[in-house]
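Peer 1: Before we start, here is the structure in question, set down as structure tokens.
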Amino acid sequence: MRYNRLLLFLLLFLLCLNSMAQPSSQNTLIQKGWDALVKDHDDEAFRYFFLSYEKAKKDRNETDMAESLLYLGICSFGSSYEKGLDYAFQSLNIYNRLEKTNPDVGQIGRSKCLQLISTIYSRQKKYAQAKPISREVISILESREDKSGTLGLAYSSLGSLYEQQQLKDSAYYFYKLALKDFEKSGNQAYLPNAYINIGESEMGRHNDQNGLDYFQKALEIANTTENKQAQASALLAIGRWHLNHKHKTEALFYFQKAHVISEALSDKLFEIMTVEALIELNEKEKNYFEMSRLQKRLIFLKDQLHSLEREKIVKSLEMQFEVAEKNRKLALVSKEKEVARLTNYLLAICIIVLLTALVTGYLYLKSRNKRDRNLLKTKEALLEAKEKQRELEEIRFQNDLDHKESQLSAITLQMLQKNELLSDIKSAIEQQPQSEQQLIKMVNRHFEQNNNWDDFNLYFESINKNFYTRLKQLYPEISANDLKICALIKLNLSIKEMASILNISPDSVKTARYRLRKKLQLAADENLTNFILSV
């Protein structure tokens with residue numbers, strides 16, 4: 001029973017030490033204080049937290065003020081419950097005000113303050129007051145996505161309080177909730193103690209093997225995270241399990257291993273726990289000589305613990321006085337520097353005005369010169385553009401002239417062909433009368449004459465320079481008839497018009513176009529006319 005009471009007291013103490021997660025703010029002083037606190041450097045941690053509070057107060061930053069006070073409470077309660085509660089209530093009042101302007105920050109901060117107050121009440125054995133406060137923390141955080149571990153700590157606090165009242169089932173229920181929350185958030189700092197709590201509850205329910213499994217899980221995580229306090233607690237729990245099962249050799253091994261670790265810790269509660277366990281083991285072994293030695297060590301440790309608590313109180317007061325005195329000196333120095341600062345300020349203004357005037361004049365002259373240079377460049381560019389425009393107009397005039405000459409040649413060619421045809425018909429009729437069928441044959445023979453296409457090609461090439469040459473280069477397999485089709489397509493003639501000129505049927509023209517598409521290797525969605533016009 002004595003071991004169980006001490007273990008419960010130690011777990012409550014660890015809960016309070018872990019009653020805050022890593023600082024969520026970007027305040028570097030709070031972060032440095034937290035790092036020092038984790039390493040058991042309480043004096044250094046208190047210094048950083050107090051400096052953070054003074055800075056936040058000067059800057060009128062209520063969020064940092066509240067958080068600094070909260071950490072001052074965490075750092076102070078070990079030496080003075082009253083001081084820890086005082087800081088916690090000051091922080092709570094600020095967070096209550098922040099709830100109106102920033103509800104999320106206010107409510108999360110308020111829940112952390114309440115959990116600290118609940119843990120201190122538990123240390124003071126005010127269990128009836130601690131229980132409703134932890135329940136309020138749970139009601140605030142259950143509906144939120146809490147990653148700080150505060151919700152799990154509240155569950156653990158209630159479990160410890162029910163354990164104190166011998167309500168094993170209720171304690172086990174809340175220990176389970178705490179473990180689930182810590183595992184969900186992946187909070188490695190709190191998991192060892194959660195596993196130890198569950199393990200103790202399992203042993204109380206006569207599930208000894210389950211209890212050992214949880215103790216070993218706690219030791220595994222403590223070793224991984226190098227958490228010395230958790231290592232000592234887990235080793236003690238495993239040793240206690242072996243002692244209950246009369247494995248005295250194994251129990252001695254784990255107790256001694258825990259004792260070696262606890263000797264290096266600044267918190268002597270852990271060494272007291274290991275010495276208590278060793279005394280109980282030697283008592284069962286009836287090793288009275290070793291018991292006597294250990295009891296002397298236990299008395300010394302308890303006296304040392306009380307002395308350390310008193311030293312912490314004194315150091316805390318000295319620290320506050322030291323910081324306040326430093327602030328007073330800084331205020332005096334600040335007043336002396338104020339006059340020099342104002343003088344330098346006025347001098348700097350004069351220099352800035354003078355420099356501004358000089359820079360403005362320089363920039364004005366530079367801008368004016370740049371504007372003149374740009375104007376000159378613009379004029380030169382305008383003259384150059386006019387010269388290019390004149391050249392383009394000459395070229396366009398020459399092109400128009402060439403085009404008109406080509407059109408004139410085409411018209412002349414058409415008139416010549418028509419006159420030749422009429423002359424042939426007239427001569428034939430004068431020589432001897434012919435039947436209509438013979439006249440049609442004569443006209444057809446005239447259509448089939450190759451010299452007509454020679455003249456057409458001459459006219460066509462004069463307008464479309466190198467058209468046939470380009471097609472032959474791109475598609476060597478193309479025939480003379482295909483070139484005729486391409487030329488007529490280039491003139492944008494209809495299928496009917498093309499059939500009339502070529503003296504074939506429209507269907508034959510369509511077949512010729514289809515074969516031409518294949519030779520030109522055109523895709524199904526490509527337009528033949530557009531392709532020919534682009535050549």
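Ordering of the structure tokens sets the chain letters (A, B, ...), residue numbers begin anew at 1 in every chain, and ligands are numbered from 1 in the order given.
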List as a CSV table (one decimal) with N, CA and C atoms, in the first residue's frame the protein and nucleic acid residues near A:Ala487, meaning an atom at most 9 Å away when only C-alpha atoms are counted, but skip any in the same chain fewer than 2 places from it.
Peer 2:
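Here's the written file part-v4.csv:
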```csv
chain,number,residue,atom,x,y,z
A,457,ASN,N,-0.9,27.4,-119.4
A,457,ASN,CA,0.1,27.3,-118.4
A,457,ASN,C,1.0,28.5,-118.3
A,460,PHE,N,-0.9,31.0,-116.5
A,460,PHE,CA,-1.1,30.6,-115.1
A,460,PHE,C,0.3,30.8,-114.3
A,467,PHE,N,4.6,27.5,-109.3
A,467,PHE,CA,3.6,26.6,-108.6
A,467,PHE,C,3.8,25.2,-109.0
A,468,TYR,N,4.0,24.9,-110.3
A,468,TYR,CA,4.2,23.5,-110.7
A,468,TYR,C,5.5,22.9,-110.2
A,482,ASP,N,-2.7,15.5,-113.0
A,482,ASP,CA,-2.9,16.0,-111.7
A,482,ASP,C,-2.5,17.5,-111.5
A,483,LEU,N,-1.5,17.9,-112.3
A,483,LEU,CA,-1.1,19.3,-112.2
A,483,LEU,C,-2.2,20.2,-112.8
A,484,LYS,N,-2.9,19.7,-113.9
A,484,LYS,CA,-4.0,20.5,-114.4
A,484,LYS,C,-5.1,20.7,-113.4
A,485,ILE,N,-5.4,19.5,-112.7
A,485,ILE,CA,-6.4,19.6,-111.6
A,485,ILE,C,-6.0,20.6,-110.6
A,489,ILE,N,-7.9,24.0,-109.4
A,489,ILE,CA,-8.3,24.2,-108.0
A,489,ILE,C,-7.7,25.5,-107.5
A,490,LYS,N,-6.5,25.8,-107.9
A,490,LYS,CA,-5.8,27.0,-107.5
A,490,LYS,C,-6.6,28.2,-108.0
A,491,LEU,N,-7.3,28.1,-109.2
A,491,LEU,CA,-8.2,29.2,-109.7
A,491,LEU,C,-9.5,29.2,-109.0
A,492,ASN,N,-9.7,28.2,-108.0
A,492,ASN,CA,-10.9,28.2,-107.2
A,492,ASN,C,-12.2,28.0,-108.1
A,532,ILE,N,-4.1,23.3,-101.6
A,532,ILE,CA,-3.6,23.8,-102.9
A,532,ILE,C,-3.4,25.3,-102.9
```
Peer 1: Would you list the contacts of A:Lys284 as JSON, numbers by chain, taking every protein, DNA or RNA residue within 12 Å and counting only C-alpha atoms, but skipping same-chain residues closer than 4 positions in sequence?
Peer 2: {"A": [243, 244, 246, 247, 248, 251, 252, 277, 278, 279, 280, 288, 290, 291]}
Peer 1: How close does stretch 121-187 of chain A get to stretch 200-206 of chain A? List, as CSV, each residue of stretch 121-187 of chain A within 12 Å, its nearest atom pair and the distance in Å to one decimal, counting only C-alpha atoms.
Peer 2:
```
residue,atom,partner,partner_atom,distance
A:Gly159,CA,A:Ser201,CA,9.9
A:Ser160,CA,A:Ser201,CA,10.6
A:Tyr162,CA,A:Ser201,CA,11.4
A:Glu163,CA,A:Ser201,CA,8.9
A:Gln166,CA,A:Gly204,CA,10.6
A:Leu167,CA,A:Ser201,CA,10.6
A:Lys168,CA,A:Ser201,CA,7.1
A:Asp169,CA,A:Ser201,CA,8.5
A:Ser170,CA,A:Ser201,CA,10.3
A:Ala171,CA,A:Ser201,CA,7.8
A:Tyr172,CA,A:Ser201,CA,5.9
A:Tyr173,CA,A:Ser201,CA,9.6
A:Phe174,CA,A:Ser201,CA,10.8
A:Tyr175,CA,A:Ser201,CA,8.5
A:Lys176,CA,A:Ser201,CA,9.8
```
Peer 1: Just N, CA, C and O atoms for this one: save the residues we selected as a PDB file, in the first residue's frame.
Peer 2:
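Contents of result08.pdb, freshly written:
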```pdb
ATOM      1  N   GLY A 159      -8.654   9.942 -13.835  1.00  0.00           N
ATOM      2  CA  GLY A 159      -8.321   8.567 -13.490  1.00  0.00           C
ATOM      3  C   GLY A 159      -7.566   8.488 -12.172  1.00  0.00           C
ATOM      4  O   GLY A 159      -7.864   7.626 -11.322  1.00  0.00           O
ATOM      5  N   SER A 160      -6.609   9.395 -11.971  1.00  0.00           N
ATOM      6  CA  SER A 160      -5.829   9.404 -10.725  1.00  0.00           C
ATOM      7  C   SER A 160      -6.717   9.747  -9.526  1.00  0.00           C
ATOM      8  O   SER A 160      -6.567   9.170  -8.436  1.00  0.00           O
ATOM      9  N   TYR A 162      -9.980   9.186  -9.238  1.00  0.00           N
ATOM     10  CA  TYR A 162     -10.807   8.014  -8.929  1.00  0.00           C
ATOM     11  C   TYR A 162      -9.978   6.897  -8.310  1.00  0.00           C
ATOM     12  O   TYR A 162     -10.457   6.149  -7.460  1.00  0.00           O
ATOM     13  N   GLU A 163      -8.710   6.796  -8.741  1.00  0.00           N
ATOM     14  CA  GLU A 163      -7.809   5.814  -8.132  1.00  0.00           C
ATOM     15  C   GLU A 163      -7.616   6.127  -6.653  1.00  0.00           C
ATOM     16  O   GLU A 163      -7.585   5.223  -5.812  1.00  0.00           O
ATOM     17  N   GLN A 166     -10.337   4.881  -4.605  1.00  0.00           N
ATOM     18  CA  GLN A 166     -10.510   3.434  -4.694  1.00  0.00           C
ATOM     19  C   GLN A 166     -11.627   3.031  -5.658  1.00  0.00           C
ATOM     20  O   GLN A 166     -12.205   1.951  -5.543  1.00  0.00           O
ATOM     21  N   LEU A 167     -11.973   3.901  -6.605  1.00  0.00           N
ATOM     22  CA  LEU A 167     -12.982   3.583  -7.630  1.00  0.00           C
ATOM     23  C   LEU A 167     -12.240   3.057  -8.857  1.00  0.00           C
ATOM     24  O   LEU A 167     -11.967   3.777  -9.819  1.00  0.00           O
ATOM     25  N   LYS A 168     -11.895   1.785  -8.805  1.00  0.00           N
ATOM     26  CA  LYS A 168     -10.994   1.199  -9.795  1.00  0.00           C
ATOM     27  C   LYS A 168     -11.580   1.226 -11.202  1.00  0.00           C
ATOM     28  O   LYS A 168     -10.874   1.521 -12.185  1.00  0.00           O
ATOM     29  N   ASP A 169     -12.867   0.906 -11.328  1.00  0.00           N
ATOM     30  CA  ASP A 169     -13.467   0.839 -12.666  1.00  0.00           C
ATOM     31  C   ASP A 169     -13.495   2.208 -13.336  1.00  0.00           C
ATOM     32  O   ASP A 169     -13.198   2.350 -14.528  1.00  0.00           O
ATOM     33  N   SER A 170     -13.867   3.229 -12.544  1.00  0.00           N
ATOM     34  CA  SER A 170     -13.892   4.591 -13.103  1.00  0.00           C
ATOM     35  C   SER A 170     -12.488   5.045 -13.485  1.00  0.00           C
ATOM     36  O   SER A 170     -12.284   5.672 -14.543  1.00  0.00           O
ATOM     37  N   ALA A 171     -11.525   4.728 -12.623  1.00  0.00           N
ATOM     38  CA  ALA A 171     -10.140   5.104 -12.915  1.00  0.00           C
ATOM     39  C   ALA A 171      -9.673   4.427 -14.211  1.00  0.00           C
ATOM     40  O   ALA A 171      -9.072   5.067 -15.088  1.00  0.00           O
ATOM     41  N   TYR A 172      -9.981   3.143 -14.347  1.00  0.00           N
ATOM     42  CA  TYR A 172      -9.579   2.391 -15.543  1.00  0.00           C
ATOM     43  C   TYR A 172     -10.213   2.991 -16.802  1.00  0.00           C
ATOM     44  O   TYR A 172      -9.563   3.116 -17.849  1.00  0.00           O
ATOM     45  N   TYR A 173     -11.480   3.391 -16.705  1.00  0.00           N
ATOM     46  CA  TYR A 173     -12.204   3.974 -17.844  1.00  0.00           C
ATOM     47  C   TYR A 173     -11.501   5.245 -18.338  1.00  0.00           C
ATOM     48  O   TYR A 173     -11.255   5.411 -19.539  1.00  0.00           O
ATOM     49  N   PHE A 174     -11.156   6.141 -17.404  1.00  0.00           N
ATOM     50  CA  PHE A 174     -10.532   7.402 -17.808  1.00  0.00           C
ATOM     51  C   PHE A 174      -9.076   7.204 -18.226  1.00  0.00           C
ATOM     52  O   PHE A 174      -8.576   7.919 -19.104  1.00  0.00           O
ATOM     53  N   TYR A 175      -8.379   6.241 -17.636  1.00  0.00           N
ATOM     54  CA  TYR A 175      -7.030   5.931 -18.097  1.00  0.00           C
ATOM     55  C   TYR A 175      -7.061   5.451 -19.551  1.00  0.00           C
ATOM     56  O   TYR A 175      -6.190   5.786 -20.370  1.00  0.00           O
ATOM     57  N   LYS A 176      -8.075   4.667 -19.887  1.00  0.00           N
ATOM     58  CA  LYS A 176      -8.233   4.183 -21.267  1.00  0.00           C
ATOM     59  C   LYS A 176      -8.478   5.345 -22.232  1.00  0.00           C
ATOM     60  O   LYS A 176      -7.912   5.398 -23.335  1.00  0.00           O
TER      61      LYS A 176
END
```
Peer 1: What's the separation between atom CA of A:Pro192 and atom CA of A:Ile221, in Å to one decimal place?
Peer 2: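 Between atom CA of A:Pro192 and atom CA of A:Ile221 the gap works out to 6.4 Å.
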Peer 1: In Å, rounded to a single decimal, give me how far atom CA of A:Gln473 is from atom CA of A:Pro506.
Peer 2: 28.8 Å
Peer 1: For stretch 475-478 of chain A, list every protein, DNA or RNA residue within 8 Å, evaluated using only C-alpha atoms, and leave out those in the same chain fewer than 6 positions away; present the list as a count of residues only.
Peer 2: 3
